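Trainee: Okay, here's the structure, questions in a sec.
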Amino acid sequence: MSRSLRVAVQMDPLEYVNIDGDSTFAMMLEAQARGYELWVYPVTTLSLVEGQDKGGRVQARARRVEVRRERGNHATFGEEQVLDLGQTDVILMRQDPPFDMGYITATHILEHVHGVGEGRSLVVNDPVAVRNAPEKLLVTHFPHLMPPTLVTWDTREILAFREKYQDIIVKPLYGNGGSGIFRIKPDDENLGALLEMHFARSREPLMIQRYEPAVRQGDKRIILVDGEAIGAINRVPATGEARSNMHVGGRAMSVELTPRDREICESIGPYLRDHGLIFTGIDVIGNWLTEINVTSPTGLQELDRFDGINSAGLIWDAIERRVLA
C-alpha cells in the first residue's frame with residue numbers, strides 16, 4: 001500500500017463479540033496491523049443528510065478504536081463524534097441480518113457514498129449488490145448447482161413439494177445463524193401448524209428444500225475473496241440437531257475442497273467479482289449449493305486455525321486493489 005486507509009466498520013456492538021470466532025474482529029486486527037485508521041459505529045447512528053451547504057451527505061456517530069486479542073480488554077474507544085463517511089476510504093458493512101427493511105434502508109443510504117474518489121468510500125460488500133442478492137435468493141440464479149427448492153407463499157405448493165420429496169427443510173428467507181429452520185420428516189405431523197404459525201406472523205414467503213442426508217457429514221462453508229475460493233471449513237451438526245450452524249452448536253472441522261466444490265466456485269465466482277461482492281461465504285451440502293452469504297459471512301478465524309493462512313489479509317489485499325485501481 002502507498003498510503004494508510006481510513007476504515008469505518010458498521011457492526012453490532014464490538015464490546016460483545018467473541019474475539020476467538022468473530023470474523024469482523026479478525027478483519028479489524030488485520031487492518032490495524034497494516035496501520036489503518038479504524039472507526040466503528042452502529043447502523044442505528046447512520047444518517048443521510050440533505051439540503052445543507054457543508055458536511056457530508058452520509059454520516060454516522062462513530063468512535064476511533066484500537067483492538068487487541070485480549071479477553072475482557074479487546075477494544076479501546078475514543079470519544080464519539082459525527083464522522084463524514086465520504087471522508088473514509090473503506091466502509092465494512094458487517095452488522096448481522098435479519099435482512100429486513102432496516103437492513104435494506106442502510107444499503108440505500110450507503111449507496112449514496114459508495115465508490116472510489118473524493119467524497120466516496122468503497123463499501124464492502126457493494127450495498128447495491130447486497131440489496132439485490134438476498135442470501136437465500138441469490139443462489140436461485142444458479143439452479144443447476146442447487147438441490148430441489150421451492151420459494152412460495154402457497155401452502156398447496158409446499159404440501160405438494162413435501163409429498164414429492166417427503167423429507168424437507170423449511171427456512172425463513174431472511175434469517176441468519178440457522179434461526180427458524182425446521183426439518184420435516186415424512187412422518188412429521190407438524191407441517192400444517194408450522195405453516196399456519198409462520199403466515200399468521202409474516203407476509204414473507206418460505207424456502208423449502210429437499211433434505212440432504214449428506215448434512216450429517218457436514219455443511220461446508222467455503223470462503224471466497226473477490227470470487228476466488230481461499231478455503232473451507234466443515235460444520236458438523238450436533239447430535240439430535242438438523243442444523244449445522246455454529247450459532248446452534250455446529251462443530252467446525254478441517255476439510256479440503258473437492259472437484260465439485262471448485263466447480264461451484266468457478267460457476268459463481270465471476271458474478272461475485274463483477275458485482276463487488278468481495279467477501280462471501282457459500283454453503284455446500286454434499287454436491288449441492290444451498291446458500292450464498294453476502295451480508296456478514298463468518299468462518300475466517302476457524303479457517304485460519306485449520307489451514308494456517310491469513311484470510312483477513314487476503315480480503316484486505318483485494319480491498320486495497322480496488323481502492324488503488
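Just so we're on the same page: first chain in the C-alpha cells is A, next is B, and so on; residues restart at 1 for each chain, and ligands are numbered from 1 in the order they show up.
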Just the residues within 7 Å of region 198-210 of chain A, please, counting only C-alpha atoms, with nothing from its chain fewer than 4 positions along; format it as number ranges by chain.
Mentor: A: 147-153, 165, 167-173, 194
Trainee: Write out the residues from the selection above, keeping N, CA and C atoms, as a PDB file, in the first residue's frame.
Mentor:
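Everything below was put into selection_1.pdb:
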ATOM      1  N   PRO A 147     -30.010 -28.129  -4.808  1.00  0.00           N
ATOM      2  CA  PRO A 147     -30.960 -29.224  -4.637  1.00  0.00           C
ATOM      3  C   PRO A 147     -32.360 -28.736  -4.997  1.00  0.00           C
ATOM      4  N   PRO A 148     -33.330 -29.637  -5.170  1.00  0.00           N
ATOM      5  CA  PRO A 148     -34.703 -29.191  -5.438  1.00  0.00           C
ATOM      6  C   PRO A 148     -35.161 -28.187  -4.375  1.00  0.00           C
ATOM      7  N   THR A 149     -35.715 -27.056  -4.840  1.00  0.00           N
ATOM      8  CA  THR A 149     -36.023 -25.925  -3.958  1.00  0.00           C
ATOM      9  C   THR A 149     -37.326 -25.272  -4.398  1.00  0.00           C
ATOM     10  N   LEU A 150     -38.067 -24.776  -3.431  1.00  0.00           N
ATOM     11  CA  LEU A 150     -39.303 -24.061  -3.691  1.00  0.00           C
ATOM     12  C   LEU A 150     -39.318 -22.803  -2.838  1.00  0.00           C
ATOM     13  N   VAL A 151     -39.668 -21.656  -3.432  1.00  0.00           N
ATOM     14  CA  VAL A 151     -39.887 -20.410  -2.692  1.00  0.00           C
ATOM     15  C   VAL A 151     -41.310 -19.969  -2.982  1.00  0.00           C
ATOM     16  N   THR A 152     -42.145 -19.877  -1.950  1.00  0.00           N
ATOM     17  CA  THR A 152     -43.554 -19.595  -2.199  1.00  0.00           C
ATOM     18  C   THR A 152     -44.278 -19.171  -0.931  1.00  0.00           C
ATOM     19  N   TRP A 153     -45.449 -18.528  -1.142  1.00  0.00           N
ATOM     20  CA  TRP A 153     -46.433 -18.299  -0.085  1.00  0.00           C
ATOM     21  C   TRP A 153     -47.499 -19.398  -0.081  1.00  0.00           C
ATOM     22  N   TYR A 165     -41.015 -35.020  -2.208  1.00  0.00           N
ATOM     23  CA  TYR A 165     -39.670 -35.269  -1.684  1.00  0.00           C
ATOM     24  C   TYR A 165     -39.663 -35.835  -0.266  1.00  0.00           C
ATOM     25  N   ASP A 167     -38.938 -35.836   2.778  1.00  0.00           N
ATOM     26  CA  ASP A 167     -38.079 -35.289   3.840  1.00  0.00           C
ATOM     27  C   ASP A 167     -37.616 -33.906   3.391  1.00  0.00           C
ATOM     28  N   ILE A 168     -38.026 -32.843   4.117  1.00  0.00           N
ATOM     29  CA  ILE A 168     -37.777 -31.487   3.621  1.00  0.00           C
ATOM     30  C   ILE A 168     -37.241 -30.578   4.730  1.00  0.00           C
ATOM     31  N   ILE A 169     -36.647 -29.478   4.285  1.00  0.00           N
ATOM     32  CA  ILE A 169     -36.187 -28.410   5.169  1.00  0.00           C
ATOM     33  C   ILE A 169     -37.031 -27.163   4.887  1.00  0.00           C
ATOM     34  N   VAL A 170     -37.511 -26.526   5.941  1.00  0.00           N
ATOM     35  CA  VAL A 170     -38.307 -25.300   5.831  1.00  0.00           C
ATOM     36  C   VAL A 170     -37.485 -24.159   6.415  1.00  0.00           C
ATOM     37  N   LYS A 171     -37.268 -23.081   5.623  1.00  0.00           N
ATOM     38  CA  LYS A 171     -36.405 -21.975   6.038  1.00  0.00           C
ATOM     39  C   LYS A 171     -37.121 -20.634   5.868  1.00  0.00           C
ATOM     40  N   PRO A 172     -36.959 -19.724   6.826  1.00  0.00           N
ATOM     41  CA  PRO A 172     -37.339 -18.332   6.565  1.00  0.00           C
ATOM     42  C   PRO A 172     -36.331 -17.732   5.586  1.00  0.00           C
ATOM     43  N   LEU A 173     -36.806 -16.859   4.708  1.00  0.00           N
ATOM     44  CA  LEU A 173     -35.921 -16.334   3.663  1.00  0.00           C
ATOM     45  C   LEU A 173     -34.863 -15.375   4.196  1.00  0.00           C
ATOM     46  N   LEU A 194     -46.986 -25.496  11.503  1.00  0.00           N
ATOM     47  CA  LEU A 194     -45.836 -24.624  11.290  1.00  0.00           C
ATOM     48  C   LEU A 194     -46.148 -23.556  10.244  1.00  0.00           C
TER      49      LEU A 194
END
Trainee: Running DSSP on the backbone, which parts of region 61-283 of chain A land in strand (DSSP E), as a PDB file with C-alpha atoms, in the first residue's frame?
Mentor:
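Output (part03.pdb):
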ATOM      1  CA  ARG A  61     -21.792   8.717  15.167  1.00  0.00           C
ATOM      2  CA  ALA A  62     -18.529   6.810  15.311  1.00  0.00           C
ATOM      3  CA  ARG A  63     -15.632   6.167  17.666  1.00  0.00           C
ATOM      4  CA  ARG A  64     -11.958   5.626  16.932  1.00  0.00           C
ATOM      5  CA  VAL A  65     -10.981   2.194  18.166  1.00  0.00           C
ATOM      6  CA  GLU A  66      -7.910   0.100  18.910  1.00  0.00           C
ATOM      7  CA  VAL A  67      -8.348  -3.670  19.100  1.00  0.00           C
ATOM      8  CA  ALA A  75     -11.094  -2.771  22.456  1.00  0.00           C
ATOM      9  CA  THR A  76     -10.269   0.792  23.495  1.00  0.00           C
ATOM     10  CA  PHE A  77     -12.594   3.504  22.202  1.00  0.00           C
ATOM     11  CA  GLN A  81     -18.127  12.087  17.081  1.00  0.00           C
ATOM     12  CA  VAL A  82     -20.012  12.659  13.845  1.00  0.00           C
ATOM     13  CA  LEU A  83     -17.985  11.029  11.071  1.00  0.00           C
ATOM     14  CA  ASP A  84     -18.407  12.010   7.416  1.00  0.00           C
ATOM     15  CA  VAL A  90     -13.490   1.872   3.160  1.00  0.00           C
ATOM     16  CA  ILE A  91     -16.749   1.065   4.941  1.00  0.00           C
ATOM     17  CA  LEU A  92     -17.206  -2.505   6.143  1.00  0.00           C
ATOM     18  CA  MET A  93     -20.939  -3.261   6.281  1.00  0.00           C
ATOM     19  CA  LEU A 122     -15.614   1.687  -1.031  1.00  0.00           C
ATOM     20  CA  VAL A 123     -18.401  -0.186   0.760  1.00  0.00           C
ATOM     21  CA  VAL A 124     -17.672  -3.886   1.314  1.00  0.00           C
ATOM     22  CA  THR A 149     -36.023 -25.925  -3.958  1.00  0.00           C
ATOM     23  CA  LEU A 150     -39.303 -24.061  -3.691  1.00  0.00           C
ATOM     24  CA  VAL A 151     -39.887 -20.410  -2.692  1.00  0.00           C
ATOM     25  CA  THR A 152     -43.554 -19.595  -2.199  1.00  0.00           C
ATOM     26  CA  ILE A 168     -37.777 -31.487   3.621  1.00  0.00           C
ATOM     27  CA  ILE A 169     -36.187 -28.410   5.169  1.00  0.00           C
ATOM     28  CA  VAL A 170     -38.307 -25.300   5.831  1.00  0.00           C
ATOM     29  CA  LYS A 171     -36.405 -21.975   6.038  1.00  0.00           C
ATOM     30  CA  PRO A 172     -37.339 -18.332   6.565  1.00  0.00           C
ATOM     31  CA  PHE A 182     -37.009 -26.840  10.558  1.00  0.00           C
ATOM     32  CA  ARG A 183     -36.575 -30.359   9.237  1.00  0.00           C
ATOM     33  CA  ILE A 184     -39.908 -32.008   8.487  1.00  0.00           C
ATOM     34  CA  LEU A 206     -40.763 -19.546   2.804  1.00  0.00           C
ATOM     35  CA  MET A 207     -37.953 -21.509   1.190  1.00  0.00           C
ATOM     36  CA  ILE A 208     -38.470 -25.265   1.083  1.00  0.00           C
ATOM     37  CA  GLN A 209     -35.641 -27.620   0.105  1.00  0.00           C
ATOM     38  CA  ARG A 210     -35.182 -31.347  -0.165  1.00  0.00           C
ATOM     39  CA  ASP A 219     -22.346 -28.421   5.845  1.00  0.00           C
ATOM     40  CA  LYS A 220     -19.289 -26.964   4.153  1.00  0.00           C
ATOM     41  CA  ARG A 221     -18.653 -23.211   4.438  1.00  0.00           C
ATOM     42  CA  ILE A 222     -16.387 -22.084   1.593  1.00  0.00           C
ATOM     43  CA  ILE A 223     -14.868 -18.598   1.813  1.00  0.00           C
ATOM     44  CA  LEU A 224     -14.455 -16.685  -1.446  1.00  0.00           C
ATOM     45  CA  VAL A 225     -12.471 -13.477  -1.856  1.00  0.00           C
ATOM     46  CA  GLU A 228     -11.893 -16.951  -5.677  1.00  0.00           C
ATOM     47  CA  ALA A 229     -12.115 -19.748  -3.122  1.00  0.00           C
ATOM     48  CA  ILE A 230      -9.447 -19.455  -0.409  1.00  0.00           C
ATOM     49  CA  GLY A 231     -10.504 -22.442   1.697  1.00  0.00           C
ATOM     50  CA  ALA A 232     -13.297 -24.142   3.591  1.00  0.00           C
ATOM     51  CA  ILE A 233     -14.406 -25.420   6.949  1.00  0.00           C
ATOM     52  CA  ASN A 234     -16.846 -28.241   7.600  1.00  0.00           C
ATOM     53  CA  ARG A 235     -19.646 -27.590  10.098  1.00  0.00           C
ATOM     54  CA  VAL A 236     -20.986 -30.821  11.563  1.00  0.00           C
ATOM     55  CA  ARG A 251     -18.736 -28.190  15.263  1.00  0.00           C
ATOM     56  CA  ALA A 252     -16.116 -26.765  12.887  1.00  0.00           C
ATOM     57  CA  MET A 253     -13.684 -29.240  11.295  1.00  0.00           C
ATOM     58  CA  SER A 254     -10.933 -29.063   8.718  1.00  0.00           C
ATOM     59  CA  PHE A 279     -16.080 -11.260   0.924  1.00  0.00           C
ATOM     60  CA  THR A 280     -18.625 -14.057   0.607  1.00  0.00           C
ATOM     61  CA  GLY A 281     -19.240 -17.422   2.178  1.00  0.00           C
ATOM     62  CA  ILE A 282     -21.145 -20.184   0.419  1.00  0.00           C
ATOM     63  CA  ASP A 283     -22.765 -23.252   1.974  1.00  0.00           C
TER      64      ASP A 283
END
Trainee: Just give me the gap between CA of Leu145 (chain A) and CA of Glu266 (chain A) in Å, one decimal is fine.
Mentor: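 So the two atoms, CA of Leu145 (chain A) and CA of Glu266 (chain A), lie 11.4 Å apart.
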Trainee: Please provide as a PyMOL selection string all residues within 10 Å of Asp226 (chain A), with the sequence filter that same-chain residues fewer than 3 positions apart are discarded (counting only C-alpha atoms).
Mentor: chain A and resi 223+229-230+269-280+314-315+318-319
Trainee: Can those selected residues be exported to a file as a short mmCIF file (atom, residue, chain, number, x, y, z; two decimals), in the first residue's frame so that it contains C-alpha atoms?
Mentor:
data_model
loop_
_atom_site.label_atom_id
_atom_site.label_comp_id
_atom_site.auth_asym_id
_atom_site.auth_seq_id
_atom_site.Cartn_x
_atom_site.Cartn_y
_atom_site.Cartn_z
CA ILE A 223 -14.87 -18.60 1.81
CA ALA A 229 -12.12 -19.75 -3.12
CA ILE A 230 -9.45 -19.46 -0.41
CA GLY A 269 -17.09 -16.52 -8.94
CA PRO A 270 -17.42 -14.18 -11.93
CA TYR A 271 -20.81 -12.95 -10.71
CA LEU A 272 -19.48 -12.23 -7.23
CA ARG A 273 -16.40 -10.41 -8.54
CA ASP A 274 -18.31 -8.36 -11.13
CA HIS A 275 -20.86 -7.21 -8.53
CA GLY A 276 -18.40 -6.08 -5.87
CA LEU A 277 -19.13 -8.97 -3.51
CA ILE A 278 -15.57 -9.14 -2.21
CA PHE A 279 -16.08 -11.26 0.92
CA THR A 280 -18.63 -14.06 0.61
CA LEU A 314 -6.37 -11.86 1.63
CA ILE A 315 -9.60 -9.87 1.93
CA ALA A 318 -8.49 -7.49 -2.55
CA ILE A 319 -9.92 -4.31 -1.00
#
Trainee: If you count only C-alpha atoms, which residues fall within 7 Å of region 25-40 of chain A, apart from same-chain ones fewer than 5 positions away, as a list of chain:residue names?
Mentor: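 That gives A:Ser4, A:Leu5, A:Arg6, A:Val7, A:Ala8, A:Val9, A:Gln10, A:Ile19, A:Ala62, A:Arg63, A:Arg64, A:Val65, A:Val67, A:Arg68, A:Gln301, A:Ala312, A:Gly313.
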Trainee: Please report the interatomic distance between CA of Gly72 (chain A) and CA of Asp304 (chain A) in Å with one decimal.
Mentor: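 Separation between CA of Gly72 (chain A) and CA of Asp304 (chain A): 22.4 Å.
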Trainee: List every residue of region 108-264 of chain A that DSSP, applied to the backbone of this structure, assigns to alpha helix (DSSP H), and report them as a PyMOL selection string.
Mentor: chain A and resi 108-111+127-131+135-138+155-165+191-201+259-264
Trainee: Just write the chosen residues, C-alpha atoms, as a PDB file, in the first residue's frame.
Mentor:
ATOM      1  CA  HIS A 108     -29.850   2.637   0.219  1.00  0.00           C
ATOM      2  CA  ILE A 109     -28.097   5.193   2.440  1.00  0.00           C
ATOM      3  CA  LEU A 110     -24.626   3.728   1.866  1.00  0.00           C
ATOM      4  CA  GLU A 111     -25.260   3.648  -1.872  1.00  0.00           C
ATOM      5  CA  PRO A 127     -24.589  -2.182  -0.969  1.00  0.00           C
ATOM      6  CA  VAL A 128     -26.478  -2.343  -4.268  1.00  0.00           C
ATOM      7  CA  ALA A 129     -25.362  -5.924  -4.859  1.00  0.00           C
ATOM      8  CA  VAL A 130     -26.179  -6.887  -1.264  1.00  0.00           C
ATOM      9  CA  ARG A 131     -29.647  -5.383  -1.572  1.00  0.00           C
ATOM     10  CA  GLU A 135     -28.690 -14.766   0.521  1.00  0.00           C
ATOM     11  CA  LYS A 136     -31.265 -17.484   0.053  1.00  0.00           C
ATOM     12  CA  LEU A 137     -32.493 -15.974  -3.240  1.00  0.00           C
ATOM     13  CA  LEU A 138     -29.168 -15.188  -4.919  1.00  0.00           C
ATOM     14  CA  THR A 155     -49.302 -23.762   1.152  1.00  0.00           C
ATOM     15  CA  ARG A 156     -50.680 -26.062  -1.547  1.00  0.00           C
ATOM     16  CA  GLU A 157     -47.373 -25.909  -3.401  1.00  0.00           C
ATOM     17  CA  ILE A 158     -45.492 -26.585  -0.168  1.00  0.00           C
ATOM     18  CA  LEU A 159     -47.635 -29.643   0.558  1.00  0.00           C
ATOM     19  CA  ALA A 160     -47.124 -30.912  -2.995  1.00  0.00           C
ATOM     20  CA  PHE A 161     -43.352 -30.424  -2.661  1.00  0.00           C
ATOM     21  CA  ARG A 162     -43.424 -32.344   0.626  1.00  0.00           C
ATOM     22  CA  GLU A 163     -45.440 -35.151  -0.974  1.00  0.00           C
ATOM     23  CA  LYS A 164     -42.863 -35.448  -3.763  1.00  0.00           C
ATOM     24  CA  TYR A 165     -39.670 -35.269  -1.684  1.00  0.00           C
ATOM     25  CA  LEU A 191     -46.029 -29.026   8.906  1.00  0.00           C
ATOM     26  CA  GLY A 192     -49.562 -27.626   8.715  1.00  0.00           C
ATOM     27  CA  ALA A 193     -49.302 -25.987  12.139  1.00  0.00           C
ATOM     28  CA  LEU A 194     -45.836 -24.624  11.290  1.00  0.00           C
ATOM     29  CA  LEU A 195     -47.144 -23.001   8.096  1.00  0.00           C
ATOM     30  CA  GLU A 196     -50.152 -21.537   9.930  1.00  0.00           C
ATOM     31  CA  MET A 197     -47.883 -20.045  12.588  1.00  0.00           C
ATOM     32  CA  HIS A 198     -45.455 -18.567  10.047  1.00  0.00           C
ATOM     33  CA  PHE A 199     -48.054 -16.983   7.776  1.00  0.00           C
ATOM     34  CA  ALA A 200     -50.044 -15.637  10.726  1.00  0.00           C
ATOM     35  CA  ARG A 201     -46.984 -13.626  11.765  1.00  0.00           C
ATOM     36  CA  PRO A 259     -13.599 -31.012  -7.545  1.00  0.00           C
ATOM     37  CA  ARG A 260     -17.353 -30.360  -7.207  1.00  0.00           C
ATOM     38  CA  ASP A 261     -16.686 -27.549  -4.714  1.00  0.00           C
ATOM     39  CA  ARG A 262     -14.291 -25.952  -7.181  1.00  0.00           C
ATOM     40  CA  GLU A 263     -16.814 -26.336  -9.999  1.00  0.00           C
ATOM     41  CA  ILE A 264     -19.404 -24.497  -7.891  1.00  0.00           C
TER      42      ILE A 264
END
